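my_file_30.txt (compact mmCIF, N, CA and C atoms) appears below.
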```
# COMPACT_ATOMS: atom_id res chain seq x y z
N MET L 1 -2.10 -60.77 -169.35
CA MET L 1 -2.06 -59.39 -168.95
C MET L 1 -1.22 -59.27 -167.68
N ALA L 2 -0.31 -58.31 -167.69
CA ALA L 2 0.55 -58.06 -166.53
C ALA L 2 -0.26 -57.42 -165.41
N THR L 3 0.14 -57.75 -164.19
CA THR L 3 -0.53 -57.06 -163.09
C THR L 3 -0.12 -55.60 -163.15
N TYR L 4 -1.01 -54.74 -162.69
CA TYR L 4 -0.80 -53.31 -162.84
C TYR L 4 0.50 -52.82 -162.20
N ASP L 5 0.89 -53.42 -161.08
CA ASP L 5 2.09 -52.93 -160.40
C ASP L 5 3.39 -53.38 -161.07
N ASN L 6 3.29 -54.22 -162.09
CA ASN L 6 4.46 -54.61 -162.87
C ASN L 6 4.60 -53.81 -164.16
N LEU L 7 3.59 -53.01 -164.47
CA LEU L 7 3.65 -52.20 -165.69
C LEU L 7 4.68 -51.07 -165.53
N PRO L 8 5.53 -50.87 -166.53
CA PRO L 8 6.48 -49.75 -166.45
C PRO L 8 5.80 -48.40 -166.27
N VAL L 9 4.66 -48.20 -166.91
CA VAL L 9 3.96 -46.93 -166.79
C VAL L 9 3.42 -46.73 -165.38
N TYR L 10 3.01 -47.79 -164.74
CA TYR L 10 2.55 -47.70 -163.35
C TYR L 10 3.72 -47.37 -162.43
N LYS L 11 4.83 -48.08 -162.62
CA LYS L 11 6.01 -47.84 -161.79
C LYS L 11 6.51 -46.40 -161.95
N GLU L 12 6.49 -45.92 -163.18
CA GLU L 12 6.94 -44.55 -163.44
C GLU L 12 6.02 -43.53 -162.77
N SER L 13 4.72 -43.78 -162.82
CA SER L 13 3.78 -42.85 -162.18
C SER L 13 3.94 -42.87 -160.66
N TYR L 14 4.19 -44.04 -160.11
CA TYR L 14 4.42 -44.14 -158.67
C TYR L 14 5.72 -43.41 -158.29
N ASP L 15 6.75 -43.57 -159.12
CA ASP L 15 8.01 -42.85 -158.88
C ASP L 15 7.80 -41.34 -158.93
N LEU L 16 6.92 -40.91 -159.83
CA LEU L 16 6.59 -39.48 -159.91
C LEU L 16 5.95 -39.01 -158.61
N LEU L 17 5.08 -39.82 -158.05
CA LEU L 17 4.44 -39.47 -156.78
C LEU L 17 5.48 -39.35 -155.66
N ILE L 18 6.38 -40.30 -155.58
CA ILE L 18 7.44 -40.28 -154.56
C ILE L 18 8.35 -39.05 -154.76
N LEU L 19 8.72 -38.78 -156.00
CA LEU L 19 9.55 -37.61 -156.29
C LEU L 19 8.84 -36.33 -155.88
N THR L 20 7.57 -36.26 -156.16
CA THR L 20 6.79 -35.07 -155.83
C THR L 20 6.73 -34.87 -154.32
N PHE L 21 6.60 -35.95 -153.57
CA PHE L 21 6.62 -35.85 -152.11
C PHE L 21 7.95 -35.26 -151.63
N SER L 22 9.04 -35.67 -152.24
CA SER L 22 10.34 -35.14 -151.81
C SER L 22 10.51 -33.68 -152.21
N VAL L 23 9.93 -33.29 -153.33
CA VAL L 23 10.01 -31.90 -153.78
C VAL L 23 9.19 -30.99 -152.88
N VAL L 24 8.03 -31.46 -152.45
CA VAL L 24 7.10 -30.61 -151.69
C VAL L 24 7.64 -30.24 -150.31
N LYS L 25 8.61 -30.96 -149.83
CA LYS L 25 9.21 -30.63 -148.53
C LYS L 25 9.73 -29.20 -148.53
N ASN L 26 10.12 -28.72 -149.69
CA ASN L 26 10.71 -27.39 -149.80
C ASN L 26 9.69 -26.30 -150.10
N PHE L 27 8.44 -26.67 -150.26
CA PHE L 27 7.40 -25.67 -150.56
C PHE L 27 7.14 -24.81 -149.33
N GLU L 28 6.80 -23.56 -149.59
CA GLU L 28 6.32 -22.70 -148.52
C GLU L 28 4.93 -23.19 -148.12
N LYS L 29 4.55 -22.90 -146.90
CA LYS L 29 3.27 -23.39 -146.36
C LYS L 29 2.08 -23.01 -147.24
N GLN L 30 2.08 -21.80 -147.75
CA GLN L 30 0.95 -21.34 -148.56
C GLN L 30 0.77 -22.16 -149.82
N TYR L 31 1.87 -22.70 -150.35
CA TYR L 31 1.77 -23.51 -151.56
C TYR L 31 1.51 -24.97 -151.27
N LYS L 32 1.94 -25.44 -150.10
CA LYS L 32 1.75 -26.85 -149.75
C LYS L 32 0.28 -27.24 -149.78
N TYR L 33 -0.57 -26.33 -149.39
CA TYR L 33 -1.98 -26.66 -149.24
C TYR L 33 -2.85 -26.14 -150.39
N THR L 34 -2.22 -25.60 -151.40
CA THR L 34 -2.98 -25.17 -152.57
C THR L 34 -2.51 -25.97 -153.79
N ILE L 35 -1.40 -25.55 -154.35
CA ILE L 35 -0.87 -26.24 -155.55
C ILE L 35 -0.51 -27.68 -155.23
N TRP L 36 0.14 -27.91 -154.08
CA TRP L 36 0.56 -29.27 -153.74
C TRP L 36 -0.61 -30.22 -153.66
N ASP L 37 -1.70 -29.82 -153.02
CA ASP L 37 -2.87 -30.70 -152.92
C ASP L 37 -3.40 -31.07 -154.29
N LYS L 38 -3.42 -30.10 -155.19
CA LYS L 38 -3.90 -30.37 -156.55
C LYS L 38 -2.95 -31.34 -157.28
N ILE L 39 -1.66 -31.13 -157.12
CA ILE L 39 -0.68 -32.01 -157.76
C ILE L 39 -0.80 -33.43 -157.21
N LYS L 40 -0.83 -33.53 -155.89
CA LYS L 40 -0.93 -34.84 -155.24
C LYS L 40 -2.18 -35.58 -155.70
N ASN L 41 -3.31 -34.90 -155.69
CA ASN L 41 -4.56 -35.54 -156.11
C ASN L 41 -4.53 -35.94 -157.57
N GLU L 42 -3.93 -35.12 -158.39
CA GLU L 42 -3.85 -35.43 -159.83
C GLU L 42 -2.99 -36.67 -160.08
N ILE L 43 -1.88 -36.79 -159.34
CA ILE L 43 -1.02 -37.97 -159.52
C ILE L 43 -1.71 -39.23 -159.02
N VAL L 44 -2.39 -39.14 -157.90
CA VAL L 44 -3.12 -40.30 -157.39
C VAL L 44 -4.22 -40.70 -158.39
N ASP L 45 -4.92 -39.73 -158.95
CA ASP L 45 -5.92 -40.02 -159.98
C ASP L 45 -5.28 -40.64 -161.23
N LEU L 46 -4.09 -40.17 -161.57
CA LEU L 46 -3.36 -40.73 -162.70
C LEU L 46 -3.04 -42.20 -162.46
N ILE L 47 -2.53 -42.51 -161.29
CA ILE L 47 -2.21 -43.90 -160.95
C ILE L 47 -3.48 -44.75 -160.98
N THR L 48 -4.57 -44.21 -160.49
CA THR L 48 -5.85 -44.93 -160.52
C THR L 48 -6.31 -45.18 -161.95
N SER L 49 -6.16 -44.19 -162.81
CA SER L 49 -6.55 -44.36 -164.22
C SER L 49 -5.71 -45.43 -164.91
N ILE L 50 -4.43 -45.47 -164.58
CA ILE L 50 -3.56 -46.49 -165.16
C ILE L 50 -3.99 -47.87 -164.69
N TYR L 51 -4.29 -47.98 -163.41
CA TYR L 51 -4.79 -49.25 -162.88
C TYR L 51 -6.06 -49.67 -163.62
N ARG L 52 -6.99 -48.73 -163.77
CA ARG L 52 -8.26 -49.04 -164.45
C ARG L 52 -8.06 -49.40 -165.91
N ALA L 53 -7.11 -48.74 -166.56
CA ALA L 53 -6.83 -49.04 -167.96
C ALA L 53 -6.31 -50.47 -168.11
N ASN L 54 -5.53 -50.90 -167.16
CA ASN L 54 -4.98 -52.25 -167.23
C ASN L 54 -6.01 -53.32 -166.86
N SER L 55 -6.99 -52.97 -166.06
CA SER L 55 -7.91 -53.99 -165.55
C SER L 55 -9.19 -54.13 -166.36
N SER L 56 -9.50 -53.19 -167.24
CA SER L 56 -10.76 -53.26 -167.98
C SER L 56 -10.54 -53.06 -169.47
N PHE L 57 -10.85 -54.09 -170.25
CA PHE L 57 -10.72 -53.99 -171.70
C PHE L 57 -11.71 -52.98 -172.28
N GLU L 58 -12.91 -52.92 -171.71
CA GLU L 58 -13.97 -52.07 -172.24
C GLU L 58 -13.63 -50.59 -172.13
N THR L 59 -12.99 -50.20 -171.04
CA THR L 59 -12.72 -48.78 -170.82
C THR L 59 -11.23 -48.45 -170.91
N ARG L 60 -10.44 -49.37 -171.43
CA ARG L 60 -8.99 -49.18 -171.47
C ARG L 60 -8.59 -47.90 -172.21
N LEU L 61 -9.09 -47.75 -173.43
CA LEU L 61 -8.72 -46.59 -174.23
C LEU L 61 -9.16 -45.28 -173.55
N GLN L 62 -10.34 -45.30 -173.01
CA GLN L 62 -10.87 -44.12 -172.32
C GLN L 62 -9.98 -43.75 -171.12
N ASN L 63 -9.55 -44.72 -170.35
CA ASN L 63 -8.69 -44.45 -169.19
C ASN L 63 -7.28 -44.01 -169.59
N ILE L 64 -6.79 -44.52 -170.69
CA ILE L 64 -5.48 -44.07 -171.17
C ILE L 64 -5.56 -42.61 -171.61
N LYS L 65 -6.63 -42.27 -172.32
CA LYS L 65 -6.81 -40.88 -172.73
C LYS L 65 -6.94 -39.96 -171.52
N LYS L 66 -7.65 -40.42 -170.51
CA LYS L 66 -7.78 -39.64 -169.27
C LYS L 66 -6.42 -39.45 -168.62
N SER L 67 -5.62 -40.50 -168.61
CA SER L 67 -4.27 -40.43 -168.03
C SER L 67 -3.41 -39.43 -168.78
N ARG L 68 -3.53 -39.41 -170.09
CA ARG L 68 -2.75 -38.46 -170.88
C ARG L 68 -3.17 -37.02 -170.59
N GLU L 69 -4.44 -36.82 -170.38
CA GLU L 69 -4.93 -35.48 -170.00
C GLU L 69 -4.38 -35.08 -168.63
N GLN L 70 -4.35 -36.03 -167.72
CA GLN L 70 -3.83 -35.75 -166.38
C GLN L 70 -2.35 -35.39 -166.42
N ILE L 71 -1.61 -36.00 -167.32
CA ILE L 71 -0.19 -35.66 -167.49
C ILE L 71 -0.06 -34.19 -167.91
N GLU L 72 -0.92 -33.76 -168.83
CA GLU L 72 -0.86 -32.36 -169.28
C GLU L 72 -1.18 -31.40 -168.14
N VAL L 73 -2.13 -31.76 -167.29
CA VAL L 73 -2.46 -30.93 -166.13
C VAL L 73 -1.25 -30.86 -165.19
N LEU L 74 -0.60 -31.99 -164.97
CA LEU L 74 0.58 -32.00 -164.11
C LEU L 74 1.70 -31.14 -164.68
N LYS L 75 1.88 -31.21 -165.98
CA LYS L 75 2.90 -30.36 -166.61
C LYS L 75 2.61 -28.89 -166.35
N LEU L 76 1.34 -28.54 -166.42
CA LEU L 76 0.94 -27.16 -166.15
C LEU L 76 1.28 -26.76 -164.71
N TYR L 77 0.93 -27.61 -163.74
CA TYR L 77 1.22 -27.32 -162.33
C TYR L 77 2.72 -27.23 -162.07
N PHE L 78 3.48 -28.13 -162.69
CA PHE L 78 4.93 -28.10 -162.48
C PHE L 78 5.53 -26.83 -163.10
N ARG L 79 5.03 -26.47 -164.27
CA ARG L 79 5.52 -25.24 -164.92
C ARG L 79 5.16 -24.02 -164.07
N LEU L 80 3.94 -23.99 -163.56
CA LEU L 80 3.52 -22.89 -162.70
C LEU L 80 4.41 -22.82 -161.46
N SER L 81 4.69 -23.96 -160.87
CA SER L 81 5.55 -24.01 -159.69
C SER L 81 6.94 -23.46 -160.00
N ARG L 82 7.44 -23.77 -161.16
CA ARG L 82 8.76 -23.26 -161.55
C ARG L 82 8.71 -21.76 -161.83
N ASP L 83 7.69 -21.32 -162.55
CA ASP L 83 7.57 -19.90 -162.89
C ASP L 83 7.38 -19.03 -161.66
N LEU L 84 6.71 -19.56 -160.65
CA LEU L 84 6.53 -18.84 -159.39
C LEU L 84 7.74 -19.00 -158.46
N LYS L 85 8.74 -19.72 -158.95
CA LYS L 85 9.98 -19.97 -158.20
C LYS L 85 9.72 -20.72 -156.89
N ILE L 86 8.74 -21.62 -156.94
CA ILE L 86 8.44 -22.46 -155.79
C ILE L 86 9.39 -23.64 -155.74
N ILE L 87 9.78 -24.14 -156.91
CA ILE L 87 10.70 -25.27 -156.97
C ILE L 87 11.96 -24.87 -157.74
N LYS L 88 13.03 -25.57 -157.43
CA LYS L 88 14.31 -25.34 -158.09
C LYS L 88 14.25 -25.89 -159.52
N LEU L 89 15.12 -25.37 -160.34
CA LEU L 89 15.21 -25.82 -161.72
C LEU L 89 15.52 -27.32 -161.81
N SER L 90 16.38 -27.81 -160.92
CA SER L 90 16.74 -29.23 -160.96
C SER L 90 15.53 -30.12 -160.66
N TYR L 91 14.69 -29.70 -159.72
CA TYR L 91 13.47 -30.46 -159.44
C TYR L 91 12.51 -30.40 -160.63
N PHE L 92 12.39 -29.22 -161.20
CA PHE L 92 11.52 -29.06 -162.36
C PHE L 92 11.99 -29.98 -163.50
N ALA L 93 13.29 -30.05 -163.70
CA ALA L 93 13.84 -30.92 -164.76
C ALA L 93 13.50 -32.38 -164.48
N ASP L 94 13.67 -32.81 -163.23
CA ASP L 94 13.35 -34.20 -162.87
C ASP L 94 11.87 -34.50 -163.07
N LEU L 95 11.01 -33.59 -162.63
CA LEU L 95 9.56 -33.78 -162.78
C LEU L 95 9.17 -33.78 -164.25
N SER L 96 9.78 -32.91 -165.02
CA SER L 96 9.48 -32.84 -166.46
C SER L 96 9.91 -34.11 -167.17
N PHE L 97 11.07 -34.63 -166.79
CA PHE L 97 11.56 -35.87 -167.39
C PHE L 97 10.59 -37.02 -167.12
N LYS L 98 10.13 -37.13 -165.88
CA LYS L 98 9.20 -38.20 -165.51
C LYS L 98 7.86 -38.05 -166.25
N THR L 99 7.34 -36.83 -166.29
CA THR L 99 6.04 -36.64 -166.95
C THR L 99 6.16 -36.91 -168.46
N GLU L 100 7.28 -36.53 -169.05
CA GLU L 100 7.47 -36.78 -170.48
C GLU L 100 7.59 -38.28 -170.75
N SER L 101 8.30 -38.98 -169.89
CA SER L 101 8.41 -40.43 -170.02
C SER L 101 7.03 -41.10 -169.91
N LEU L 102 6.24 -40.66 -168.94
CA LEU L 102 4.89 -41.19 -168.79
C LEU L 102 4.04 -40.90 -170.01
N SER L 103 4.14 -39.70 -170.50
CA SER L 103 3.36 -39.30 -171.67
C SER L 103 3.69 -40.19 -172.88
N LYS L 104 4.96 -40.45 -173.09
CA LYS L 104 5.39 -41.31 -174.21
C LYS L 104 4.87 -42.74 -174.03
N GLN L 105 4.96 -43.26 -172.82
CA GLN L 105 4.49 -44.63 -172.57
C GLN L 105 2.98 -44.74 -172.80
N LEU L 106 2.24 -43.76 -172.31
CA LEU L 106 0.79 -43.78 -172.49
C LEU L 106 0.41 -43.63 -173.96
N TYR L 107 1.14 -42.79 -174.69
CA TYR L 107 0.90 -42.62 -176.12
C TYR L 107 1.14 -43.94 -176.87
N SER L 108 2.22 -44.60 -176.52
CA SER L 108 2.53 -45.89 -177.17
C SER L 108 1.46 -46.94 -176.84
N TRP L 109 1.03 -46.96 -175.61
CA TRP L 109 -0.01 -47.90 -175.18
C TRP L 109 -1.31 -47.63 -175.94
N GLU L 110 -1.67 -46.38 -176.04
CA GLU L 110 -2.88 -46.00 -176.77
C GLU L 110 -2.79 -46.41 -178.24
N ASN L 111 -1.65 -46.15 -178.86
CA ASN L 111 -1.49 -46.52 -180.26
C ASN L 111 -1.54 -48.02 -180.47
N SER L 112 -0.95 -48.78 -179.57
CA SER L 112 -0.98 -50.24 -179.73
C SER L 112 -2.41 -50.77 -179.63
N ILE L 113 -3.21 -50.17 -178.79
CA ILE L 113 -4.61 -50.59 -178.68
C ILE L 113 -5.38 -50.24 -179.94
N LYS L 114 -5.13 -49.06 -180.47
CA LYS L 114 -5.79 -48.64 -181.70
C LYS L 114 -5.42 -49.55 -182.85
N ILE L 115 -4.15 -49.93 -182.94
CA ILE L 115 -3.69 -50.82 -184.01
C ILE L 115 -4.35 -52.19 -183.87
N LYS L 116 -4.43 -52.70 -182.64
CA LYS L 116 -5.09 -53.99 -182.41
C LYS L 116 -6.54 -53.96 -182.81
N LYS L 117 -7.22 -52.85 -182.50
CA LYS L 117 -8.63 -52.71 -182.88
C LYS L 117 -8.80 -52.66 -184.38
N GLU L 118 -7.91 -51.96 -185.06
CA GLU L 118 -7.98 -51.84 -186.51
C GLU L 118 -7.74 -53.18 -187.20
N THR L 119 -6.80 -53.95 -186.69
CA THR L 119 -6.52 -55.25 -187.31
C THR L 119 -7.64 -56.25 -187.08
N LYS L 120 -8.35 -56.11 -185.97
CA LYS L 120 -9.49 -56.99 -185.70
C LYS L 120 -10.66 -56.67 -186.63
N ILE L 121 -10.80 -55.38 -186.96
CA ILE L 121 -11.89 -54.98 -187.85
C ILE L 121 -11.63 -55.45 -189.27
N LEU L 122 -10.37 -55.38 -189.70
CA LEU L 122 -10.02 -55.77 -191.07
C LEU L 122 -9.99 -57.25 -191.17
```
Rewrite the structure of this file - the entire thing - as structure tokens.
Amino acid sequence: MATYDNLPVYKESYDLLILTFSVVKNFEKQYKYTIWDKIKNEIVDLITSIYRANSSFETRLQNIKKSREQIEVLKLYFRLSRDLKIIKLSYFADLSFKTESLSKQLYSWENSIKIKKETKIL
């Protein structure tokens, strides 16, 4: 098993956190402490879920599903930020690309675990 910090999905989620920090510099004060706090906390929780998924066989699938849900919440916050014109379109595109990449990686990871479980049962 790879250490969590070598996983592509972990690296991508960490990159999303760094990108979000650079985007938030441009937020108005009223949004920095409302939407931004929620986004920041959600990404940190996402990274934690990925770590937990990699470290525990018993709860791996559960943590991957939780991570996928967190991605959907982030997409909602990013979309809201764009619709309220808090962030530029270019930032929204970058954030969307990262979240979509994470979503695909987590989906693939979840499917590979399901396939492994099915082959063990058969």
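Residues within 7 Å of stretch 83-88 of chain L, counting only N, CA and C atoms and excluding same-chain residues fewer than 5 positions away, are Asn26, Phe27, Glu28, Phe78 and Ala93 of chain L.
Closest approach to L:Leu17 among L:Thr59, L:Ile71, L:Ile64, L:Ile43: L:Ile43, based on all atoms listed in the file.
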- Item | Members of stretch 4-46 of chain L assigned helix (DSSP H, G or I) by DSSP, as a PyMOL selection string | chain L and resi 4-6+8-24+29-32+35-46
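Proximity ranking of L:Asn54, L:Val73, L:Lys65, L:Arg79 relative to L:Phe92 places L:Arg79 first, based on only N, CA and C atoms.
The gap separating atom C of L:Gln30 from atom C of L:Tyr10 is 28.3 Å, in Å to one decimal.
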- Message: Here is a test: counting only C-alpha atoms, which residue of L:Ser56, L:Tyr33, L:Lys120, L:Lys98 is nearest to L:Tyr14?
- Response: L:Lys98
- As a check of understanding: the span from atom N of L:Val23 to atom N of L:Asp37 is 12.1 Å
- Task: Determine, counting only C-alpha atoms, which protein, DNA and RNA residues have an atom within 12 Å of an atom of L:Lys117; residues of the same chain fewer than 6 positions away are not included. Present the result as an NGL selection string.
- Result: :L and (57-58 or 60-61 or 110-111)
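Take atom C of L:Lys104 and atom N of L:Val9: the distance between them is 9.0 Å.
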